[in-house]
file start31.json (JSON, N, CA and C atoms)
[["chain", "number", "residue", "atom", "x", "y", "z"],
["A", 22, "MET", "N", -78.63, -14.33, -218.17],
["A", 22, "MET", "CA", -78.73, -14.28, -219.62],
["A", 22, "MET", "C", -78.56, -15.66, -220.26],
["A", 23, "GLU", "N", -78.21, -16.63, -219.46],
["A", 23, "GLU", "CA", -77.95, -17.98, -219.97],
["A", 23, "GLU", "C", -79.08, -18.53, -220.84],
["A", 24, "PRO", "N", -80.35, -18.43, -220.43],
["A", 24, "PRO", "CA", -81.38, -19.06, -221.26],
["A", 24, "PRO", "C", -81.60, -18.35, -222.61],
["A", 25, "TYR", "N", -81.04, -17.17, -222.76],
["A", 25, "TYR", "CA", -81.28, -16.41, -223.98],
["A", 25, "TYR", "C", -80.13, -16.48, -224.98],
["A", 26, "PHE", "N", -79.03, -17.13, -224.59],
["A", 26, "PHE", "CA", -77.86, -17.23, -225.46],
["A", 26, "PHE", "C", -77.26, -18.62, -225.36],
["A", 27, "MET", "N", -76.65, -19.06, -226.45],
["A", 27, "MET", "CA", -75.96, -20.35, -226.43],
["A", 27, "MET", "C", -74.61, -20.19, -227.13],
["A", 28, "TRP", "N", -73.64, -20.98, -226.70],
["A", 28, "TRP", "CA", -72.30, -20.94, -227.26],
["A", 28, "TRP", "C", -72.30, -21.62, -228.62],
["A", 29, "ASP", "N", -71.74, -20.94, -229.61],
["A", 29, "ASP", "CA", -71.56, -21.52, -230.94],
["A", 29, "ASP", "C", -70.07, -21.77, -231.12],
["A", 30, "GLU", "N", -69.71, -23.02, -231.09],
["A", 30, "GLU", "CA", -68.30, -23.41, -231.16],
["A", 30, "GLU", "C", -67.65, -22.94, -232.46],
["A", 31, "ARG", "N", -68.35, -23.10, -233.55],
["A", 31, "ARG", "CA", -67.81, -22.71, -234.86],
["A", 31, "ARG", "C", -67.53, -21.21, -234.93],
["A", 32, "LEU", "N", -68.47, -20.41, -234.44],
["A", 32, "LEU", "CA", -68.32, -18.97, -234.50],
["A", 32, "LEU", "C", -67.43, -18.43, -233.38],
["A", 33, "GLY", "N", -67.37, -19.15, -232.28],
["A", 33, "GLY", "CA", -66.57, -18.72, -231.15],
["A", 33, "GLY", "C", -67.20, -17.59, -230.35],
["A", 34, "ILE", "N", -68.54, -17.50, -230.41],
["A", 34, "ILE", "CA", -69.27, -16.47, -229.65],
["A", 34, "ILE", "C", -70.58, -17.07, -229.14],
["A", 35, "LEU", "N", -71.17, -16.36, -228.17],
["A", 35, "LEU", "CA", -72.54, -16.67, -227.77],
["A", 35, "LEU", "C", -73.47, -16.07, -228.81],
["A", 36, "ILE", "N", -74.52, -16.80, -229.16],
["A", 36, "ILE", "CA", -75.50, -16.27, -230.09],
["A", 36, "ILE", "C", -76.89, -16.32, -229.44],
["A", 37, "PRO", "N", -77.78, -15.42, -229.86],
["A", 37, "PRO", "CA", -79.13, -15.43, -229.28],
["A", 37, "PRO", "C", -79.83, -16.76, -229.50],
["A", 38, "SER", "N", -80.56, -17.18, -228.49],
["A", 38, "SER", "CA", -81.29, -18.44, -228.56],
["A", 38, "SER", "C", -82.61, -18.28, -227.80],
["A", 39, "LEU", "N", -83.51, -17.53, -228.39],
["A", 39, "LEU", "CA", -84.81, -17.30, -227.76],
["A", 39, "LEU", "C", -85.72, -18.47, -228.05],
["A", 40, "THR", "N", -86.36, -19.00, -227.02],
["A", 40, "THR", "CA", -87.27, -20.12, -227.22],
["A", 40, "THR", "C", -88.71, -19.67, -227.41],
["A", 41, "GLY", "N", -89.03, -18.46, -226.96],
["A", 41, "GLY", "CA", -90.38, -17.94, -227.10],
["A", 41, "GLY", "C", -90.40, -16.72, -228.00],
["A", 42, "GLU", "N", -91.52, -16.04, -227.98],
["A", 42, "GLU", "CA", -91.69, -14.83, -228.78],
["A", 42, "GLU", "C", -91.07, -13.63, -228.08],
["A", 43, "TRP", "N", -90.42, -12.78, -228.86],
["A", 43, "TRP", "CA", -89.80, -11.57, -228.34],
["A", 43, "TRP", "C", -90.82, -10.71, -227.60],
["A", 44, "ASP", "N", -92.01, -10.59, -228.17],
["A", 44, "ASP", "CA", -93.06, -9.75, -227.58],
["A", 44, "ASP", "C", -93.57, -10.28, -226.24],
["A", 45, "GLN", "N", -93.32, -11.54, -225.95],
["A", 45, "GLN", "CA", -93.76, -12.14, -224.70],
["A", 45, "GLN", "C", -92.81, -11.82, -223.54],
["A", 46, "LEU", "N", -91.62, -11.31, -223.86],
["A", 46, "LEU", "CA", -90.66, -10.96, -222.82],
["A", 46, "LEU", "C", -91.00, -9.60, -222.24],
["A", 47, "SER", "N", -90.67, -9.42, -220.98],
["A", 47, "SER", "CA", -90.90, -8.11, -220.37],
["A", 47, "SER", "C", -89.94, -7.09, -220.98],
["A", 48, "GLU", "N", -90.28, -5.83, -220.81],
["A", 48, "GLU", "CA", -89.42, -4.77, -221.33],
["A", 48, "GLU", "C", -88.03, -4.85, -220.68],
["A", 49, "LYS", "N", -87.99, -5.19, -219.41],
["A", 49, "LYS", "CA", -86.71, -5.33, -218.69],
["A", 49, "LYS", "C", -85.88, -6.46, -219.30],
["A", 50, "GLU", "N", -86.52, -7.61, -219.55],
["A", 50, "GLU", "CA", -85.81, -8.74, -220.16],
["A", 50, "GLU", "C", -85.28, -8.37, -221.55],
["A", 51, "GLN", "N", -86.12, -7.70, -222.34],
["A", 51, "GLN", "CA", -85.70, -7.28, -223.67],
["A", 51, "GLN", "C", -84.48, -6.36, -223.58],
["A", 52, "SER", "N", -84.53, -5.41, -222.65],
["A", 52, "SER", "CA", -83.40, -4.48, -222.49],
["A", 52, "SER", "C", -82.13, -5.20, -222.08],
["A", 53, "GLU", "N", -82.26, -6.14, -221.15],
["A", 53, "GLU", "CA", -81.10, -6.90, -220.69],
["A", 53, "GLU", "C", -80.51, -7.76, -221.81],
["A", 54, "ILE", "N", -81.39, -8.37, -222.59],
["A", 54, "ILE", "CA", -80.93, -9.19, -223.72],
["A", 54, "ILE", "C", -80.21, -8.32, -224.74],
["A", 55, "LEU", "N", -80.81, -7.17, -225.07],
["A", 55, "LEU", "CA", -80.19, -6.27, -226.04],
["A", 55, "LEU", "C", -78.84, -5.76, -225.55],
["A", 56, "LEU", "N", -78.75, -5.44, -224.26],
["A", 56, "LEU", "CA", -77.49, -4.97, -223.70],
["A", 56, "LEU", "C", -76.43, -6.08, -223.77],
["A", 57, "HIS", "N", -76.81, -7.28, -223.37],
["A", 57, "HIS", "CA", -75.86, -8.40, -223.43],
["A", 57, "HIS", "C", -75.45, -8.69, -224.87],
["A", 58, "TRP", "N", -76.41, -8.65, -225.79],
["A", 58, "TRP", "CA", -76.09, -8.89, -227.20],
["A", 58, "TRP", "C", -75.13, -7.83, -227.72],
["A", 59, "GLU", "N", -75.33, -6.59, -227.32],
["A", 59, "GLU", "CA", -74.46, -5.51, -227.77],
["A", 59, "GLU", "C", -73.02, -5.75, -227.29],
["A", 60, "GLU", "N", -72.88, -6.28, -226.07],
["A", 60, "GLU", "CA", -71.55, -6.62, -225.56],
["A", 60, "GLU", "C", -70.92, -7.73, -226.39],
["A", 61, "ILE", "N", -71.69, -8.75, -226.68],
["A", 61, "ILE", "CA", -71.20, -9.87, -227.50],
["A", 61, "ILE", "C", -70.87, -9.36, -228.90],
["A", 62, "ARG", "N", -71.79, -8.60, -229.45],
["A", 62, "ARG", "CA", -71.64, -8.07, -230.81],
["A", 62, "ARG", "C", -70.36, -7.26, -230.94],
["A", 63, "GLY", "N", -69.98, -6.56, -229.88],
["A", 63, "GLY", "CA", -68.77, -5.76, -229.89],
["A", 63, "GLY", "C", -67.50, -6.58, -230.02],
["A", 64, "THR", "N", -67.58, -7.87, -229.72],
["A", 64, "THR", "CA", -66.40, -8.75, -229.84],
["A", 64, "THR", "C", -66.26, -9.35, -231.24],
["A", 65, "ILE", "N", -67.31, -9.24, -232.05],
["A", 65, "ILE", "CA", -67.30, -9.89, -233.36],
["A", 65, "ILE", "C", -66.20, -9.37, -234.28],
["A", 66, "PRO", "N", -65.95, -8.06, -234.39],
["A", 66, "PRO", "CA", -64.86, -7.62, -235.28],
["A", 66, "PRO", "C", -63.49, -8.22, -234.91],
["A", 67, "ASP", "N", -63.21, -8.34, -233.61],
["A", 67, "ASP", "CA", -61.95, -8.96, -233.19],
["A", 67, "ASP", "C", -61.92, -10.44, -233.55],
["A", 68, "ARG", "N", -63.06, -11.10, -233.39],
["A", 68, "ARG", "CA", -63.15, -12.53, -233.75],
["A", 68, "ARG", "C", -62.91, -12.69, -235.26],
["A", 69, "ILE", "N", -63.47, -11.79, -236.06],
["A", 69, "ILE", "CA", -63.25, -11.85, -237.51],
["A", 69, "ILE", "C", -61.78, -11.66, -237.84],
["A", 70, "LYS", "N", -61.13, -10.73, -237.18],
["A", 70, "LYS", "CA", -59.70, -10.50, -237.42],
["A", 70, "LYS", "C", -58.87, -11.73, -237.08],
["A", 71, "GLU", "N", -59.22, -12.42, -235.99],
["A", 71, "GLU", "CA", -58.53, -13.66, -235.63],
["A", 71, "GLU", "C", -58.65, -14.69, -236.75],
["A", 72, "ILE", "N", -59.84, -14.83, -237.27],
["A", 72, "ILE", "CA", -60.07, -15.83, -238.32],
["A", 72, "ILE", "C", -59.39, -15.40, -239.61],
["A", 73, "GLU", "N", -59.40, -14.10, -239.91],
["A", 73, "GLU", "CA", -58.71, -13.61, -241.11],
["A", 73, "GLU", "C", -57.22, -13.94, -241.05],
["A", 74, "GLN", "N", -56.63, -13.87, -239.87],
["A", 74, "GLN", "CA", -55.21, -14.22, -239.72],
["A", 74, "GLN", "C", -54.99, -15.70, -240.04],
["A", 75, "LYS", "N", -55.93, -16.54, -239.63],
["A", 75, "LYS", "CA", -55.83, -17.97, -239.96],
["A", 75, "LYS", "C", -55.95, -18.18, -241.47],
["A", 76, "VAL", "N", -56.83, -17.42, -242.11],
["A", 76, "VAL", "CA", -57.00, -17.52, -243.56],
["A", 76, "VAL", "C", -55.69, -17.14, -244.25],
["A", 77, "ILE", "N", -55.08, -16.07, -243.81],
["A", 77, "ILE", "CA", -53.81, -15.62, -244.42],
["A", 77, "ILE", "C", -52.74, -16.70, -244.28],
["A", 78, "LEU", "N", -52.63, -17.30, -243.11],
["A", 78, "LEU", "CA", -51.65, -18.37, -242.90],
["A", 78, "LEU", "C", -51.91, -19.55, -243.84],
["A", 79, "LYS", "N", -53.17, -19.92, -243.96],
["A", 79, "LYS", "CA", -53.51, -21.05, -244.84],
["A", 79, "LYS", "C", -53.31, -20.69, -246.31],
["A", 80, "GLN", "N", -53.59, -19.44, -246.69],
["A", 80, "GLN", "CA", -53.34, -19.01, -248.07],
["A", 80, "GLN", "C", -51.84, -19.05, -248.38],
["A", 81, "ASN", "N", -51.03, -18.61, -247.42],
["A", 81, "ASN", "CA", -49.58, -18.67, -247.61],
["A", 81, "ASN", "C", -49.10, -20.11, -247.75],
["A", 82, "ALA", "N", -49.66, -20.99, -246.92],
["A", 82, "ALA", "CA", -49.30, -22.41, -247.02],
["A", 82, "ALA", "C", -49.75, -22.98, -248.36],
["A", 83, "LEU", "N", -50.92, -22.59, -248.82],
["A", 83, "LEU", "CA", -51.45, -23.05, -250.10],
["A", 83, "LEU", "C", -50.56, -22.59, -251.25],
["A", 84, "PHE", "N", -50.08, -21.37, -251.17],
["A", 84, "PHE", "CA", -49.21, -20.82, -252.21],
["A", 84, "PHE", "C", -47.94, -21.66, -252.37],
["A", 85, "ASP", "N", -47.43, -22.18, -251.26],
["A", 85, "ASP", "CA", -46.20, -22.97, -251.29],
["A", 85, "ASP", "C", -46.43, -24.48, -251.43],
["A", 86, "GLU", "N", -47.69, -24.91, -251.43],
["A", 86, "GLU", "CA", -48.00, -26.34, -251.42],
["A", 86, "GLU", "C", -47.96, -26.94, -252.83],
["A", 87, "ASP", "N", -47.22, -28.04, -252.96],
["A", 87, "ASP", "CA", -47.12, -28.75, -254.24],
["A", 87, "ASP", "C", -47.98, -30.00, -254.28],
["A", 88, "ASN", "N", -48.37, -30.50, -253.13],
["A", 88, "ASN", "CA", -49.17, -31.71, -253.05],
["A", 88, "ASN", "C", -50.64, -31.37, -253.31],
["A", 89, "PHE", "N", -51.22, -32.00, -254.34],
["A", 89, "PHE", "CA", -52.59, -31.69, -254.74],
["A", 89, "PHE", "C", -53.60, -31.97, -253.62],
["A", 90, "ASP", "N", -53.46, -33.12, -252.97],
["A", 90, "ASP", "CA", -54.40, -33.47, -251.90],
["A", 90, "ASP", "C", -54.33, -32.45, -250.75],
["A", 91, "MET", "N", -53.12, -32.05, -250.40],
["A", 91, "MET", "CA", -52.96, -31.06, -249.34],
["A", 91, "MET", "C", -53.51, -29.71, -249.78],
["A", 92, "SER", "N", -53.34, -29.37, -251.06],
["A", 92, "SER", "CA", -53.90, -28.12, -251.59],
["A", 92, "SER", "C", -55.41, -28.12, -251.49],
["A", 93, "CYS", "N", -56.02, -29.26, -251.80],
["A", 93, "CYS", "CA", -57.48, -29.37, -251.69],
["A", 93, "CYS", "C", -57.93, -29.23, -250.24],
["A", 94, "LYS", "N", -57.18, -29.83, -249.33],
["A", 94, "LYS", "CA", -57.50, -29.73, -247.91],
["A", 94, "LYS", "C", -57.41, -28.28, -247.44],
["A", 95, "LEU", "N", -56.34, -27.61, -247.81],
["A", 95, "LEU", "CA", -56.17, -26.21, -247.42],
["A", 95, "LEU", "C", -57.28, -25.34, -248.01],
["A", 96, "ASN", "N", -57.63, -25.59, -249.27],
["A", 96, "ASN", "CA", -58.72, -24.84, -249.91],
["A", 96, "ASN", "C", -60.03, -25.03, -249.14],
["A", 97, "GLY", "N", -60.30, -26.25, -248.73],
["A", 97, "GLY", "CA", -61.51, -26.53, -247.95],
["A", 97, "GLY", "C", -61.50, -25.81, -246.61],
["A", 98, "GLU", "N", -60.35, -25.80, -245.96],
["A", 98, "GLU", "CA", -60.23, -25.11, -244.67],
["A", 98, "GLU", "C", -60.41, -23.60, -244.85],
["A", 99, "ILE", "N", -59.86, -23.06, -245.90],
["A", 99, "ILE", "CA", -60.02, -21.62, -246.18],
["A", 99, "ILE", "C", -61.48, -21.30, -246.44],
["A", 100, "ALA", "N", -62.15, -22.15, -247.21],
["A", 100, "ALA", "CA", -63.57, -21.94, -247.50],
["A", 100, "ALA", "C", -64.40, -21.98, -246.22],
["A", 101, "GLU", "N", -64.09, -22.91, -245.33],
["A", 101, "GLU", "CA", -64.83, -23.00, -244.06],
["A", 101, "GLU", "C", -64.60, -21.76, -243.20],
["A", 102, "LEU", "N", -63.36, -21.28, -243.15],
["A", 102, "LEU", "CA", -63.07, -20.07, -242.40],
["A", 102, "LEU", "C", -63.79, -18.86, -243.01],
["A", 103, "ALA", "N", -63.82, -18.79, -244.33],
["A", 103, "ALA", "CA", -64.53, -17.69, -245.00],
["A", 103, "ALA", "C", -66.03, -17.75, -244.70],
["A", 104, "SER", "N", -66.57, -18.95, -244.65],
["A", 104, "SER", "CA", -67.98, -19.12, -244.30],
["A", 104, "SER", "C", -68.25, -18.64, -242.88],
["A", 105, "THR", "N", -67.33, -18.94, -241.98],
["A", 105, "THR", "CA", -67.47, -18.51, -240.59],
["A", 105, "THR", "C", -67.45, -16.99, -240.51],
["A", 106, "ILE", "N", -66.54, -16.36, -241.25],
["A", 106, "ILE", "CA", -66.47, -14.90, -241.28],
["A", 106, "ILE", "C", -67.78, -14.32, -241.80],
["A", 107, "ASN", "N", -68.32, -14.91, -242.85],
["A", 107, "ASN", "CA", -69.59, -14.46, -243.41],
["A", 107, "ASN", "C", -70.71, -14.55, -242.37],
["A", 108, "ASP", "N", -70.78, -15.68, -241.67],
["A", 108, "ASP", "CA", -71.81, -15.85, -240.66],
["A", 108, "ASP", "C", -71.64, -14.85, -239.51],
["A", 109, "LEU", "N", -70.41, -14.59, -239.11],
["A", 109, "LEU", "CA", -70.16, -13.59, -238.07],
["A", 109, "LEU", "C", -70.62, -12.21, -238.53],
["A", 110, "ASN", "N", -70.37, -11.88, -239.79],
["A", 110, "ASN", "CA", -70.85, -10.60, -240.32],
["A", 110, "ASN", "C", -72.37, -10.52, -240.29],
["A", 111, "LEU", "N", -73.03, -11.62, -240.59],
["A", 111, "LEU", "CA", -74.50, -11.64, -240.53],
["A", 111, "LEU", "C", -74.98, -11.42, -239.10],
["A", 112, "TRP", "N", -74.36, -12.08, -238.14],
["A", 112, "TRP", "CA", -74.73, -11.87, -236.74],
["A", 112, "TRP", "C", -74.44, -10.45, -236.31],
["A", 113, "TYR", "N", -73.36, -9.89, -236.79],
["A", 113, "TYR", "CA", -73.00, -8.52, -236.44],
["A", 113, "TYR", "C", -74.10, -7.55, -236.87],
["A", 114, "ARG", "N", -74.70, -7.82, -238.01],
["A", 114, "ARG", "CA", -75.74, -6.93, -238.55],
["A", 114, "ARG", "C", -77.11, -7.18, -237.93],
["A", 115, "THR", "N", -77.25, -8.20, -237.09],
["A", 115, "THR", "CA", -78.57, -8.48, -236.51],
["A", 115, "THR", "C", -79.01, -7.43, -235.50],
["A", 116, "GLN", "N", -78.12, -6.57, -235.08],
["A", 116, "GLN", "CA", -78.48, -5.53, -234.11],
["A", 116, "GLN", "C", -79.62, -4.66, -234.62],
["A", 117, "GLN", "N", -79.59, -4.31, -235.89],
["A", 117, "GLN", "CA", -80.65, -3.47, -236.43],
["A", 117, "GLN", "C", -82.00, -4.18, -236.33],
["A", 118, "GLU", "N", -82.02, -5.48, -236.57],
["A", 118, "GLU", "CA", -83.27, -6.22, -236.49],
["A", 118, "GLU", "C", -83.78, -6.27, -235.05],
["A", 119, "LEU", "N", -82.88, -6.51, -234.09],
["A", 119, "LEU", "CA", -83.27, -6.54, -232.70],
["A", 119, "LEU", "C", -83.78, -5.18, -232.24],
["A", 120, "ASP", "N", -83.10, -4.11, -232.67],
["A", 120, "ASP", "CA", -83.54, -2.76, -232.31],
["A", 120, "ASP", "C", -84.93, -2.50, -232.87],
["A", 121, "ALA", "N", -85.17, -2.90, -234.10],
["A", 121, "ALA", "CA", -86.47, -2.67, -234.72],
["A", 121, "ALA", "C", -87.57, -3.42, -233.94],
["A", 122, "LYS", "N", -87.28, -4.65, -233.53],
["A", 122, "LYS", "CA", -88.27, -5.42, -232.76],
["A", 122, "LYS", "C", -88.55, -4.76, -231.42],
["A", 123, "SER", "N", -87.54, -4.19, -230.80],
["A", 123, "SER", "CA", -87.75, -3.63, -229.47],
["A", 123, "SER", "C", -88.57, -2.34, -229.51],
["A", 124, "HIS", "N", -88.69, -1.73, -230.67],
["A", 124, "HIS", "CA", -89.43, -0.48, -230.77],
["A", 124, "HIS", "C", -90.87, -0.67, -231.26],
["A", 125, "HIS", "N", -91.28, -1.91, -231.47],
["A", 125, "HIS", "CA", -92.67, -2.16, -231.93],
["A", 125, "HIS", "C", -93.60, -2.31, -230.76]]
call {"tool": "encode", "arguments": {"input": "start31.json", "output": "structure tokens"}}
result
Amino acid sequence: MEPYFMWDERLGILIPSLTGEWDQLSEKEQSEILLHWEEIRGTIPDRIKEIEQKVILKQNALFDEDNFDMSCKLNGEIAELASTINDLNLWYRTQQELDAKSHH
């Protein structure tokens, strides 16, 4: 499955990385990719929970922070974590798109 997925450091998961057209893959390859993606996809809710815990810690630190520069830094870190959660949610929902492609 290596050529079909790549590690995304920011997201902390493997993401699909197809270099060719989906329709050019054999039915067996498509099935294997979908199965592997479903396994990866199943880890996304736990990954989101991990990041949410980091957000909570940073929000608590922000609440107690009096230094403006540090508050801005914490706000930026929280925004980046929120962006990561959003992207993970988007990847989580890609299953429907992959399923639709496999049935055409």
call {"tool": "residues_around", "arguments": {"input": "start31.json", "residues": "Leu39 in chain A", "least_positions_apart": "6", "cutoff": "6.5 Å", "atoms": "all atoms listed in the file", "output": "PDB file with N, CA and C atoms, in the coordinates of the input"}}
result
ATOM      1  N   PRO A  24     -80.350 -18.430-220.430  1.00  0.00           N
ATOM      2  CA  PRO A  24     -81.380 -19.060-221.260  1.00  0.00           C
ATOM      3  C   PRO A  24     -81.600 -18.350-222.610  1.00  0.00           C
ATOM      4  N   TYR A  25     -81.040 -17.170-222.760  1.00  0.00           N
ATOM      5  CA  TYR A  25     -81.280 -16.410-223.980  1.00  0.00           C
ATOM      6  C   TYR A  25     -80.130 -16.480-224.980  1.00  0.00           C
ATOM      7  N   PHE A  26     -79.030 -17.130-224.590  1.00  0.00           N
ATOM      8  CA  PHE A  26     -77.860 -17.230-225.460  1.00  0.00           C
ATOM      9  C   PHE A  26     -77.260 -18.620-225.360  1.00  0.00           C
TER      10      PHE A  26
END
call {"tool": "axis_aligned_box", "arguments": {"input": "start31.json", "around": "range 70-85 of chain A", "padding_each_side": "8 Å", "output": "AutoDock Vina command-line options"}}
result
--center_x -53.7 --center_y -17.5 --center_z -244.0 --size_x 30.9 --size_y 30.0 --size_z 32.7
call {"tool": "residues_around", "arguments": {"input": "start31.json", "residues": "range 88-102 of chain A", "least_positions_apart": "3", "cutoff": "6.5 Å", "atoms": "all atoms listed in the file", "output": "PyMOL selection string"}}
result
chain A and resi 76+79+83+105-107
call {"tool": "atom_distance", "arguments": {"input": "start31.json", "atom1": "atom C of Arg68 in chain A", "atom2": "atom C of Ala82 in chain A"}}
result
21.2 Å
call {"tool": "atom_distance", "arguments": {"input": "start31.json", "atom1": "atom C of Ile34 in chain A", "atom2": "CA of Asn81 in chain A"}}
result
28.0 Å
call {"tool": "select_by_dssp", "arguments": {"input": "start31.json", "residues": "chain A", "states": "alpha helix (DSSP H)", "output": "JSON, numbers by chain"}}
result
{"A": [48, 49, 50, 51, 52, 53, 54, 55, 56, 57, 58, 59, 60, 61, 62, 65, 66, 67, 68, 69, 70, 71, 72, 73, 74, 75, 76, 77, 78, 79, 80, 81, 82, 83, 84, 85, 89, 90, 91, 92, 93, 94, 95, 96, 97, 98, 99, 100, 101, 102, 103, 104, 105, 106, 107, 108, 109, 110, 111, 112, 113, 115, 116, 117, 118, 119, 120, 121, 122, 123]}
